[in-house]
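Source file: upload.txt; contents: compact mmCIF, C-alpha atoms.
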# COMPACT_ATOMS: atom_id res chain seq x y z
CA MET A 726 37.66 20.56 -23.09
CA THR A 727 35.72 19.47 -26.16
CA PRO A 728 32.17 20.87 -26.14
CA PRO A 729 29.82 18.14 -24.93
CA ASP A 730 27.94 17.79 -28.23
CA GLU A 731 31.21 17.17 -30.12
CA GLN A 732 32.51 15.07 -27.26
CA GLN A 733 29.77 12.51 -27.90
CA THR A 734 30.51 12.22 -31.58
CA ASP A 735 34.28 12.38 -31.60
CA ARG A 736 34.81 9.58 -29.11
CA GLY A 737 31.71 7.79 -30.34
CA ALA A 738 30.77 7.73 -26.69
CA ARG A 739 27.73 8.65 -24.69
CA VAL A 740 27.92 10.61 -21.47
CA VAL A 741 28.53 8.02 -18.73
CA VAL A 742 26.31 8.67 -15.71
CA GLY A 743 26.35 7.12 -12.27
CA SER A 744 22.84 7.58 -10.80
CA VAL A 745 21.91 7.33 -7.15
CA PRO A 746 19.88 5.18 -7.59
CA ALA A 747 19.83 3.90 -11.19
CA ASP A 748 17.06 1.32 -10.70
CA HIS A 749 14.13 3.65 -10.02
CA ALA A 750 11.06 4.43 -12.17
CA TYR A 751 11.82 8.17 -12.22
CA VAL A 752 15.40 7.58 -13.39
CA HIS A 753 14.32 5.03 -16.04
CA HIS A 754 11.78 7.54 -17.40
CA VAL A 755 14.10 10.52 -17.83
CA ALA A 756 15.80 8.53 -20.61
CA PRO A 757 14.68 9.11 -24.22
CA LEU A 758 12.28 6.59 -25.75
CA ASP A 759 13.41 6.73 -29.36
CA ARG A 760 17.17 7.29 -29.34
CA GLU A 761 20.27 6.47 -27.34
CA GLY A 762 20.55 8.61 -24.25
CA PRO A 763 23.36 8.80 -21.73
CA LEU A 764 24.94 5.51 -20.66
CA ARG A 765 23.76 4.87 -17.09
CA LEU A 766 25.90 2.58 -14.99
CA PRO A 767 23.98 -0.09 -13.08
CA ASP A 768 23.66 0.33 -9.31
CA PRO A 769 26.62 -1.20 -7.51
CA PRO A 770 25.31 -3.64 -4.87
CA GLY A 771 25.03 -2.02 -1.44
CA LEU A 772 26.99 -3.40 1.50
CA ASP A 773 25.75 -3.60 5.07
CA ALA A 774 27.79 -2.58 8.12
CA ASP A 775 29.67 -5.91 7.97
CA GLY A 776 30.51 -5.53 4.28
CA VAL A 777 27.92 -8.13 3.20
CA PRO A 778 26.02 -7.32 -0.05
CA THR A 779 22.41 -6.28 0.65
CA GLY A 780 21.12 -7.45 -2.75
CA HIS A 781 19.92 -3.98 -3.82
CA TRP A 782 21.23 -0.42 -4.27
CA TRP A 783 20.97 0.54 -0.61
CA PRO A 784 23.15 1.83 0.99
CA PRO A 785 24.45 3.63 -2.12
CA ARG A 786 28.15 2.97 -2.66
CA LEU A 787 28.33 5.78 -5.23
CA LEU A 788 28.04 8.24 -2.35
CA GLU A 789 31.35 6.97 -0.88
CA ALA A 790 34.24 9.20 -1.97
CA ALA A 791 36.81 6.38 -2.27
CA TYR A 792 34.44 4.18 -4.25
CA VAL A 793 33.51 7.00 -6.66
CA ALA A 794 37.20 7.78 -7.19
CA GLU A 795 37.75 4.13 -8.15
CA VAL A 796 34.70 4.09 -10.47
CA ALA A 797 35.81 7.36 -12.10
CA ASP A 798 39.25 5.88 -12.77
CA THR A 799 37.98 2.55 -14.14
CA THR A 800 34.66 3.10 -15.96
CA GLY A 801 34.92 6.44 -17.77
CA LEU A 802 32.29 7.93 -15.44
CA ASP A 803 31.60 11.52 -16.56
CA LEU A 804 29.13 12.59 -13.92
CA LEU A 805 27.33 11.54 -10.78
CA HIS A 806 23.60 12.33 -10.69
CA VAL A 807 22.18 12.20 -7.16
CA HIS A 808 18.42 11.74 -6.69
CA PHE A 809 17.73 10.01 -3.37
CA GLY A 810 19.48 8.05 -0.68
CA PHE A 811 21.97 10.44 0.92
CA GLU A 812 20.30 10.46 4.36
CA GLY A 813 22.90 7.96 5.62
CA ARG A 814 25.86 10.27 4.81
CA THR A 815 27.16 13.06 7.02
CA PRO A 816 27.73 16.55 5.56
CA GLU A 817 31.50 15.87 5.94
CA GLN A 818 31.23 12.64 3.91
CA LEU A 819 29.26 14.45 1.22
CA ALA A 820 31.91 17.18 1.07
CA GLU A 821 34.56 14.45 0.58
CA LEU A 822 32.45 12.98 -2.23
CA VAL A 823 32.26 16.33 -4.02
CA ALA A 824 36.01 16.85 -3.60
CA ALA A 825 36.76 13.38 -5.03
CA LEU A 826 34.61 14.08 -8.10
CA HIS A 827 35.96 17.57 -8.70
CA ALA A 828 39.58 16.50 -8.24
CA ARG A 829 39.06 14.20 -11.23
CA GLY A 830 37.17 16.78 -13.32
CA ARG A 831 33.94 14.81 -12.94
CA ALA A 832 30.59 16.56 -12.57
CA LEU A 833 27.94 16.41 -9.86
CA VAL A 834 24.27 16.87 -10.79
CA LEU A 835 21.67 17.03 -8.03
CA THR A 836 17.92 16.72 -8.56
CA VAL A 837 16.18 18.29 -5.58
CA HIS A 838 13.25 15.88 -5.26
CA ASP A 839 12.83 16.59 -1.56
CA LEU A 840 13.38 19.84 0.32
CA ARG A 841 12.48 17.85 3.40
CA ASN A 842 13.12 14.12 3.70
CA PRO A 843 9.75 12.29 3.99
CA HIS A 844 11.36 9.52 6.07
CA LEU A 845 12.79 11.78 8.80
CA PRO A 846 10.69 13.54 11.45
CA ASP A 847 13.29 16.32 11.82
CA ALA A 848 14.06 18.63 8.90
CA GLY A 849 17.53 19.65 10.09
CA ALA A 850 19.71 16.73 8.96
CA HIS A 851 18.41 16.84 5.37
CA GLU A 852 18.91 20.61 5.20
CA ARG A 853 22.53 20.26 6.38
CA GLN A 854 23.13 17.67 3.64
CA LEU A 855 21.57 19.97 1.04
CA ASP A 856 23.76 22.80 2.41
CA VAL A 857 26.72 20.80 1.07
CA LEU A 858 25.23 19.38 -2.14
CA VAL A 859 23.24 22.34 -3.53
CA PRO A 860 26.12 24.88 -3.57
CA ALA A 861 28.63 22.26 -4.81
CA ALA A 862 26.58 20.73 -7.64
CA ASP A 863 27.66 21.60 -11.18
CA ALA A 864 24.00 21.65 -12.18
CA LEU A 865 20.73 21.52 -10.27
CA VAL A 866 17.36 20.15 -11.34
CA THR A 867 14.00 20.20 -9.59
CA LEU A 868 10.49 19.21 -10.67
CA THR A 869 8.37 22.32 -10.09
CA ASP A 870 8.59 26.11 -10.17
CA GLY A 871 7.58 26.23 -6.50
CA ALA A 872 10.51 24.05 -5.46
CA ALA A 873 12.87 26.06 -7.70
CA ASP A 874 11.72 29.25 -5.92
CA ALA A 875 12.37 27.63 -2.53
CA VAL A 876 15.88 26.49 -3.54
CA GLU A 877 16.66 29.93 -4.93
CA ARG A 878 15.47 31.65 -1.73
CA ARG A 879 17.61 29.45 0.48
CA TRP A 880 20.78 28.93 -1.58
CA GLY A 881 20.73 31.70 -4.20
CA ARG A 882 20.83 29.21 -7.10
CA ARG A 883 17.88 28.44 -9.35
CA PRO A 884 17.58 24.83 -10.54
CA THR A 885 16.46 23.92 -14.04
CA VAL A 886 12.79 22.91 -13.75
CA VAL A 887 12.08 19.60 -15.49
CA PRO A 888 8.60 18.10 -14.90
CA HIS A 889 8.19 14.65 -13.36
CA PRO A 890 7.77 12.10 -16.17
CA HIS A 891 5.16 9.33 -16.18
CA VAL A 892 5.51 6.61 -13.52
CA VAL A 893 3.30 3.89 -15.03
CA PRO A 894 4.90 2.39 -18.17
CA LEU A 895 3.20 3.83 -21.27
CA ASP A 896 1.79 0.51 -22.52
CA ALA A 897 0.26 -0.28 -19.10
CA MET A 898 -1.03 3.30 -18.87
CA GLU A 899 -2.78 2.88 -22.21
CA GLN A 900 -4.43 -0.38 -21.11
CA TRP A 901 -5.66 0.98 -17.77
CA GLN A 902 -7.04 4.18 -19.29
CA ALA A 903 -8.88 2.21 -22.01
CA ARG A 904 -10.81 0.29 -19.32
CA ARG A 905 -11.90 3.38 -17.47
CA ALA A 906 -15.11 5.33 -18.09
CA PRO A 907 -15.23 8.98 -16.93
CA ARG A 908 -17.03 9.42 -13.60
CA PRO A 909 -20.08 11.69 -13.90
CA PRO A 910 -20.58 14.62 -11.49
CA GLY A 911 -22.26 13.52 -8.26
CA ALA A 912 -21.56 9.78 -8.71
CA PRO A 913 -20.48 7.96 -5.51
CA LEU A 914 -16.72 8.07 -4.89
CA ARG A 915 -14.37 5.24 -4.13
CA VAL A 916 -11.77 7.08 -2.03
CA GLY A 917 -8.44 5.53 -1.02
CA VAL A 918 -5.68 6.50 1.38
CA ASP A 919 -2.43 4.55 1.46
CA LEU A 920 -0.58 4.65 4.77
CA LYS A 921 2.09 2.22 3.48
CA SER A 922 4.81 1.74 6.10
CA LEU A 923 3.75 4.73 8.24
CA ARG A 924 6.87 6.70 7.33
CA ALA A 925 7.57 9.90 9.23
CA ASN A 926 5.50 12.24 7.04
CA VAL A 927 2.34 10.07 7.04
CA ALA A 928 -0.20 11.77 9.31
CA ALA A 929 -2.35 8.69 9.94
CA ARG A 930 -3.69 9.86 13.32
CA ASP A 931 -4.91 13.15 11.83
CA VAL A 932 -6.14 11.91 8.47
CA LEU A 933 -8.01 8.72 9.40
CA PRO A 934 -10.80 10.16 11.60
CA ALA A 935 -11.28 13.16 9.29
CA LEU A 936 -11.45 10.97 6.19
CA VAL A 937 -13.88 8.44 7.68
CA GLU A 938 -16.34 11.28 8.42
CA ALA A 939 -15.75 13.19 5.16
CA VAL A 940 -16.48 10.10 3.02
CA ALA A 941 -19.52 9.21 5.16
CA ALA A 942 -21.03 12.58 4.16
CA LEU A 943 -20.88 11.72 0.42
CA PRO A 944 -23.90 9.53 -0.49
CA GLY A 945 -22.98 5.97 -1.50
CA SER A 946 -19.23 6.65 -1.28
CA THR A 947 -16.69 4.23 0.20
CA LEU A 948 -13.24 4.54 1.75
CA GLN A 949 -10.40 2.07 1.42
CA VAL A 950 -7.57 2.47 3.94
CA ALA A 951 -4.48 0.50 2.88
CA VAL A 952 -1.50 -0.18 5.13
CA HIS A 953 1.55 -2.46 4.98
CA ALA A 954 1.20 -5.54 7.19
CA ALA A 955 4.74 -5.02 8.51
CA ALA A 956 3.83 -1.60 9.94
CA LEU A 957 1.16 -3.20 12.17
CA ARG A 958 3.60 -5.57 13.86
CA PRO A 959 4.49 -4.34 17.37
CA ASP A 960 8.22 -4.62 16.59
CA ALA A 961 7.98 -2.47 13.42
CA PRO A 962 10.12 0.70 13.55
CA ARG A 963 7.12 2.95 12.81
CA HIS A 964 4.53 0.92 14.76
CA ASP A 965 1.88 3.13 16.39
CA PRO A 966 -0.74 1.50 18.67
CA GLU A 967 -2.99 4.57 18.26
CA VAL A 968 -3.06 4.04 14.48
CA VAL A 969 -3.94 0.37 15.01
CA ARG A 970 -6.83 1.48 17.25
CA LEU A 971 -8.05 4.00 14.64
CA LEU A 972 -7.86 1.33 11.90
CA ASP A 973 -9.92 -1.08 14.03
CA GLU A 974 -12.47 1.66 14.68
CA ALA A 975 -12.64 2.67 11.00
CA GLY A 976 -13.00 -0.94 9.88
CA ARG A 977 -16.22 -1.28 11.90
CA ARG A 978 -17.91 1.39 9.78
CA ASP A 979 -20.03 0.10 6.90
CA HIS A 980 -18.50 2.41 4.30
CA VAL A 981 -14.86 1.64 5.19
CA GLU A 982 -12.62 -1.23 4.07
CA VAL A 983 -9.22 -1.68 5.74
CA LEU A 984 -6.77 -3.43 3.41
CA VAL A 985 -3.67 -4.86 5.11
CA HIS A 986 -1.17 -5.90 2.45
CA ASP A 987 2.49 -6.63 1.79
CA TYR A 988 4.57 -4.44 -0.51
CA LEU A 989 2.78 -4.45 -3.88
CA PRO A 990 4.65 -5.25 -7.10
CA ASP A 991 4.10 -2.57 -9.75
CA ASP A 992 1.36 -4.32 -11.75
CA GLU A 993 -0.65 -4.91 -8.54
CA LEU A 994 -0.07 -1.32 -7.46
CA TRP A 995 -1.47 0.00 -10.77
CA ALA A 996 -4.56 -2.23 -10.35
CA HIS A 997 -4.97 -1.01 -6.76
CA LEU A 998 -4.78 2.69 -7.77
CA ALA A 999 -6.89 2.30 -10.91
CA ALA A 1000 -9.74 0.87 -8.79
CA LEU A 1001 -9.98 4.21 -6.90
CA ASP A 1002 -11.74 7.37 -8.01
CA VAL A 1003 -9.67 9.52 -5.66
CA SER A 1004 -6.41 8.94 -3.79
CA VAL A 1005 -5.76 11.15 -0.73
CA LEU A 1006 -2.12 11.96 0.04
CA PRO A 1007 -1.75 11.80 3.85
CA TYR A 1008 1.54 13.75 4.04
CA ARG A 1009 2.09 16.29 6.82
CA PHE A 1010 5.22 17.43 4.98
CA GLY A 1011 6.81 16.69 1.62
CA THR A 1012 7.87 18.30 -1.62
CA HIS A 1013 6.88 16.22 -4.66
CA SER A 1014 5.09 12.93 -5.17
CA GLY A 1015 5.64 10.05 -7.58
CA TRP A 1016 2.40 8.53 -6.23
CA LEU A 1017 0.52 11.59 -7.52
CA GLU A 1018 2.07 11.09 -10.98
CA ALA A 1019 1.10 7.40 -11.02
CA CYS A 1020 -2.48 8.41 -10.17
CA ARG A 1021 -2.48 10.96 -13.02
CA ASP A 1022 -1.25 8.23 -15.39
CA LEU A 1023 -4.13 5.94 -14.36
CA GLY A 1024 -6.88 8.59 -14.33
CA THR A 1025 -7.27 8.53 -10.53
CA ASP A 1026 -7.94 11.99 -9.07
CA VAL A 1027 -5.72 13.25 -6.23
CA VAL A 1028 -6.56 15.16 -3.06
CA ALA A 1029 -3.32 16.58 -1.68
CA PRO A 1030 -2.09 18.73 1.20
CA ARG A 1031 -1.55 22.41 0.46
CA GLY A 1032 2.05 22.17 1.75
CA GLY A 1033 4.73 20.97 -0.66
CA PHE A 1034 4.44 21.56 -4.41
CA TYR A 1035 1.93 18.87 -5.37
CA ARG A 1036 -0.33 21.48 -6.99
CA ASP A 1037 2.57 22.51 -9.25
CA GLN A 1038 2.87 18.91 -10.51
CA GLY A 1039 -0.68 18.60 -11.80
CA PRO A 1040 -4.32 19.42 -11.05
CA VAL A 1041 -5.29 18.36 -7.50
CA ASP A 1042 -7.91 19.27 -4.88
CA LEU A 1043 -6.18 20.78 -1.84
CA PHE A 1044 -6.67 20.51 1.92
CA ASP A 1045 -4.76 21.76 4.95
CA LEU A 1046 -2.43 19.33 6.72
CA ASP A 1047 0.95 20.08 8.27
CA ASP A 1048 3.06 19.54 11.39
CA ASP A 1049 0.42 21.38 13.45
CA GLY A 1050 -2.42 19.05 12.40
CA ILE A 1051 -5.31 18.85 9.96
CA ASP A 1052 -8.21 21.11 9.06
CA ALA A 1053 -10.89 18.40 8.70
CA GLY A 1054 -13.28 20.88 7.08
CA SER A 1055 -10.82 21.55 4.26
CA LEU A 1056 -10.48 17.80 3.60
CA ALA A 1057 -14.27 17.39 3.47
CA ALA A 1058 -14.48 20.38 1.08
CA ALA A 1059 -11.77 18.94 -1.21
CA LEU A 1060 -13.62 15.61 -1.44
CA ARG A 1061 -16.95 17.39 -2.03
CA ALA A 1062 -15.33 19.32 -4.90
CA ALA A 1063 -14.07 16.07 -6.49
CA HIS A 1064 -17.51 14.49 -5.99
CA GLU A 1065 -19.43 17.37 -7.56
CA ARG A 1066 -17.04 17.82 -10.48
CA GLY A 1067 -16.79 14.22 -11.66
CA SER A 1068 -13.45 12.83 -12.80
CA ARG A 1069 -10.79 15.05 -14.31
CA PRO A 1070 -9.61 14.04 -17.78
CA PRO A 1071 -6.42 12.01 -17.25
CA VAL A 1072 -3.07 13.03 -18.66
CA THR A 1073 -2.96 11.19 -22.00
CA VAL A 1074 -0.38 8.69 -23.23
CA ALA A 1075 0.41 11.08 -26.10
CA GLU A 1076 1.05 13.91 -23.61
CA ARG A 1077 3.30 11.67 -21.49
CA ARG A 1078 5.20 10.51 -24.59
CA ALA A 1079 5.77 14.11 -25.72
CA GLN A 1080 6.74 15.13 -22.18
CA ARG A 1081 9.24 12.27 -22.03
CA ALA A 1082 11.06 13.68 -25.08
CA VAL A 1083 11.18 17.14 -23.45
CA VAL A 1084 12.46 15.66 -20.17
CA ALA A 1085 15.20 13.68 -21.96
CA GLU A 1086 16.37 16.74 -23.92
CA ALA A 1087 16.37 18.84 -20.76
CA HIS A 1088 18.63 16.28 -19.08
CA ASP A 1089 21.01 16.29 -22.06
CA ALA A 1090 21.29 20.08 -21.70
CA VAL A 1091 21.78 19.88 -17.92
CA TYR A 1092 24.52 17.26 -18.35
CA ALA A 1093 26.29 19.38 -20.96
CA GLN A 1094 26.14 22.37 -18.61
CA ALA A 1095 27.47 20.28 -15.70
CA LEU A 1096 30.34 18.81 -17.71
CA ALA A 1097 31.40 22.28 -18.87
CA ALA A 1098 31.33 23.53 -15.26
CA ALA A 1099 33.25 20.49 -13.96
CA ALA A 1100 36.03 21.03 -16.51
CA HIS A 1101 36.88 24.24 -14.61
CA HIS A 1102 37.53 22.36 -11.35
CA HIS A 1103 40.22 20.25 -12.91

For the file at hand, write its structure as structure tokens.
Amino acid sequence: MTPPDEQQTDRGARVVVGSVPADHAYVHHVAPLDREGPLRLPDPPGLDADGVPTGHWWPPRLLEAAYVAEVADTTGLDLLHVHFGFEGRTPEQLAELVAALHARGRALVLTVHDLRNPHLPDAGAHERQLDVLVPAADALVTLTDGAADAVERRWGRRPTVVPHPHVVPLDAMEQWQARRAPRPPGAPLRVGVDLKSLRANVAARDVLPALVEAVAALPGSTLQVAVHAAALRPDAPRHDPEVVRLLDEAGRRDHVEVLVHDYLPDDELWAHLAALDVSVLPYRFGTHSGWLEACRDLGTDVVAPRGGFYRDQGPVDLFDLDDDGIDAGSLAAALRAAHERGSRPPVTVAERRAQRAVVAEAHDAVYAQALAAAAHHH
């Protein structure tokens, strides 16, 4: 096999990558800003159970062995890079996918974003899927040293650690930061918590009462609780009447605003986050957070659970929340610390631009490593 660096020049080609998914902010932002990077194939349209196109990437066809074999034979696909979306596939189907790739000398790269799937109450299914993908991948990536340690402990392989790039586009990031004055120590806080669609790892029942009281104790401070309208409908998959009761109760307090909204387009999401001083992550379990990175881009401080590896991503104030419940005192202490300190300096556009170059180069190296490893399967 030609070494990957020569391979690109001698066929005038770029490495051809199928990403699962391709249309995702994280995946867009691992590409270089100032040169040609790998050629990423667009997401094939997903098909529902009746074979009707869904209009977006879900469910991901590139995780089907027969489809990947066809793509490999027709598009010059060099490697498949899996990020998210494999919860619908059985371990057996994933093993077939790996076999189809390796039979054709194609590489598999896995980025371990989640050691536990935030959408699933039970950890077991995701672990069984990772039990197939982690050992079989030709190269592994994760976002933090803490997650790399956890992968190494469980599977005996250490992923390459590549930090999470910016989430907010750099031009928008620049505009939002320019409008924002630093918050002095002791100034009232505008605290937000986003419950979104009440996915499995969102501990609304634990966090809401603790947060209402913690913010009440900070003079002049306010709390905004945001939730998707769909999650409040009785027929919603994650509907919880107890959460509806807690929202009603919170909304009667003078310092609390309950914001019921539909899914926010990106520009509205940036405006929503930039209006907060602090965003509290209400996750009883999780690994990494793109929300945290968007907050860092906008200069919004983050209060995060001690579980997961949020503290490895960037500076946060920590509290205790997990499957066993919340320590309300630790949440109050984290908010007090943010209040007394004043705002943290945000990550700068220049830092994010420089980081983006590092992230892109790291991916080039990972792809070269994966292609070299895959050549041995063939």

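The gap separating CA of Leu989 (chain A) from CA of Arg915 (chain A) is 19.7 Å, in Å to one decimal.
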
Inset, instruction - Please write as a list in words the list of polymer residues whose atoms come within 9 Å of (14.0, 22.8, -5.4), counting all atoms listed in the file and keeping to the coordinates of the file. - result: Thr836, Val837, His838, Asp839, Leu840, Leu865, Val866, Thr867, Leu868, Thr869, Asp870, Gly871, Ala872, Ala873, Asp874, Ala875, Val876, Glu877, Arg883, Pro884, Val886 and Thr1012 of chain A

Export C-alpha atoms of the chosen residues as a short mmCIF file (atom, residue, chain, number, x, y, z; two decimals), in the frame of the given file?
data_model
loop_
_atom_site.label_atom_id
_atom_site.label_comp_id
_atom_site.auth_asym_id
_atom_site.auth_seq_id
_atom_site.Cartn_x
_atom_site.Cartn_y
_atom_site.Cartn_z
CA THR A 836 17.92 16.72 -8.56
CA VAL A 837 16.18 18.29 -5.58
CA HIS A 838 13.25 15.88 -5.26
CA ASP A 839 12.83 16.59 -1.56
CA LEU A 840 13.38 19.84 0.32
CA LEU A 865 20.73 21.52 -10.27
CA VAL A 866 17.36 20.15 -11.34
CA THR A 867 14.00 20.20 -9.59
CA LEU A 868 10.49 19.21 -10.67
CA THR A 869 8.37 22.32 -10.09
CA ASP A 870 8.59 26.11 -10.17
CA GLY A 871 7.58 26.23 -6.50
CA ALA A 872 10.51 24.05 -5.46
CA ALA A 873 12.87 26.06 -7.70
CA ASP A 874 11.72 29.25 -5.92
CA ALA A 875 12.37 27.63 -2.53
CA VAL A 876 15.88 26.49 -3.54
CA GLU A 877 16.66 29.93 -4.93
CA ARG A 883 17.88 28.44 -9.35
CA PRO A 884 17.58 24.83 -10.54
CA VAL A 886 12.79 22.91 -13.75
CA THR A 1012 7.87 18.30 -1.62
#

Quick one: which region 875-962 of chain A residues come within 10 Å of region 745-763 of chain A, and what is the nearest atom pair for each with the distance in Å to one decimal, counting all atoms listed in the file, rows ordered by chain and ascending number, as a tab-separated table?
residue	atom	partner	partner_atom	distance
A:Val887	CA	A:Val755	CA	9.6
A:Pro888	CA	A:Val755	CA	9.8
A:His889	CA	A:Tyr751	CA	7.5
A:Pro890	CA	A:His754	CA	6.2
A:His891	CA	A:His754	CA	7.0
A:Val892	CA	A:Ala750	CA	6.1
A:Val893	CA	A:Ala750	CA	8.3
A:Pro894	CA	A:His754	CA	8.6

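When CA of Ser1014 (chain A) is paired with CA of Leu994 (chain A), their separation reads 15.3 Å.
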
Legend entry - From A:Val1083, A:Leu788, A:Ala832, A:Ala862, residue lying nearest Leu1096 (chain A) [only C-alpha atoms]: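 Going through A:Val1083, A:Leu788, A:Ala832, A:Ala862 one by one, the smallest distance to Leu1096 (chain A) is for A:Ala832.
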
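The protein and nucleic acid residues lying at most 10 Å from Ala1059 (chain A) are Ala939, Val1005, Val1027, Val1028, Ala1029, Pro1030, Val1041, Asp1042, Leu1043, Phe1044, Asp1045, Ala1053, Gly1054, Ser1055, Ala1063 and His1064 of chain A, with only C-alpha atoms considered and sequence neighbours fewer than 4 positions away removed.
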
What does region 955-962 of chain A look like written to a file with all heavy atoms, as a compact mmCIF listing (two decimals), in the first residue's frame?
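Generated output (result15.txt):
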# COMPACT_ATOMS: atom_id res chain seq x y z
N ALA A 955 -43.06 19.88 22.79
CA ALA A 955 -43.47 18.50 22.48
C ALA A 955 -43.36 17.59 23.70
O ALA A 955 -44.17 16.67 23.87
CB ALA A 955 -42.62 17.95 21.34
N ALA A 956 -42.37 17.86 24.56
CA ALA A 956 -42.15 16.98 25.72
C ALA A 956 -43.27 17.12 26.75
O ALA A 956 -43.45 16.24 27.60
CB ALA A 956 -40.82 17.30 26.38
N LEU A 957 -44.04 18.22 26.68
CA LEU A 957 -45.11 18.45 27.66
C LEU A 957 -46.44 17.84 27.21
O LEU A 957 -47.40 17.79 27.98
CB LEU A 957 -45.29 19.96 27.90
CG LEU A 957 -44.05 20.67 28.45
CD1 LEU A 957 -44.35 22.13 28.72
CD2 LEU A 957 -43.54 19.98 29.72
N ARG A 958 -46.49 17.38 25.97
CA ARG A 958 -47.73 16.76 25.50
C ARG A 958 -47.87 15.38 26.12
O ARG A 958 -46.90 14.60 26.15
CB ARG A 958 -47.74 16.65 23.97
CG ARG A 958 -47.85 18.00 23.27
CD ARG A 958 -48.41 17.85 21.87
NE ARG A 958 -47.47 17.15 21.00
CZ ARG A 958 -46.59 17.78 20.21
NH1 ARG A 958 -46.51 19.09 20.20
NH2 ARG A 958 -45.78 17.07 19.45
N PRO A 959 -49.07 15.03 26.60
CA PRO A 959 -49.24 13.74 27.28
C PRO A 959 -48.84 12.53 26.44
O PRO A 959 -48.46 11.50 26.98
CB PRO A 959 -50.75 13.71 27.59
CG PRO A 959 -51.14 15.15 27.66
CD PRO A 959 -50.27 15.87 26.66
N ASP A 960 -48.88 12.67 25.11
CA ASP A 960 -48.53 11.51 24.26
C ASP A 960 -47.03 11.47 23.92
O ASP A 960 -46.58 10.60 23.19
CB ASP A 960 -49.35 11.53 22.97
CG ASP A 960 -49.10 12.80 22.14
OD1 ASP A 960 -48.53 13.77 22.70
OD2 ASP A 960 -49.46 12.83 20.95
N ALA A 961 -46.25 12.43 24.46
CA ALA A 961 -44.81 12.45 24.13
C ALA A 961 -44.12 11.24 24.76
O ALA A 961 -44.47 10.83 25.87
CB ALA A 961 -44.17 13.74 24.67
N PRO A 962 -43.11 10.67 24.05
CA PRO A 962 -42.45 9.46 24.58
C PRO A 962 -41.82 9.67 25.95
O PRO A 962 -41.80 8.76 26.77
CB PRO A 962 -41.39 9.12 23.53
CG PRO A 962 -41.38 10.23 22.54
CD PRO A 962 -42.62 11.03 22.72
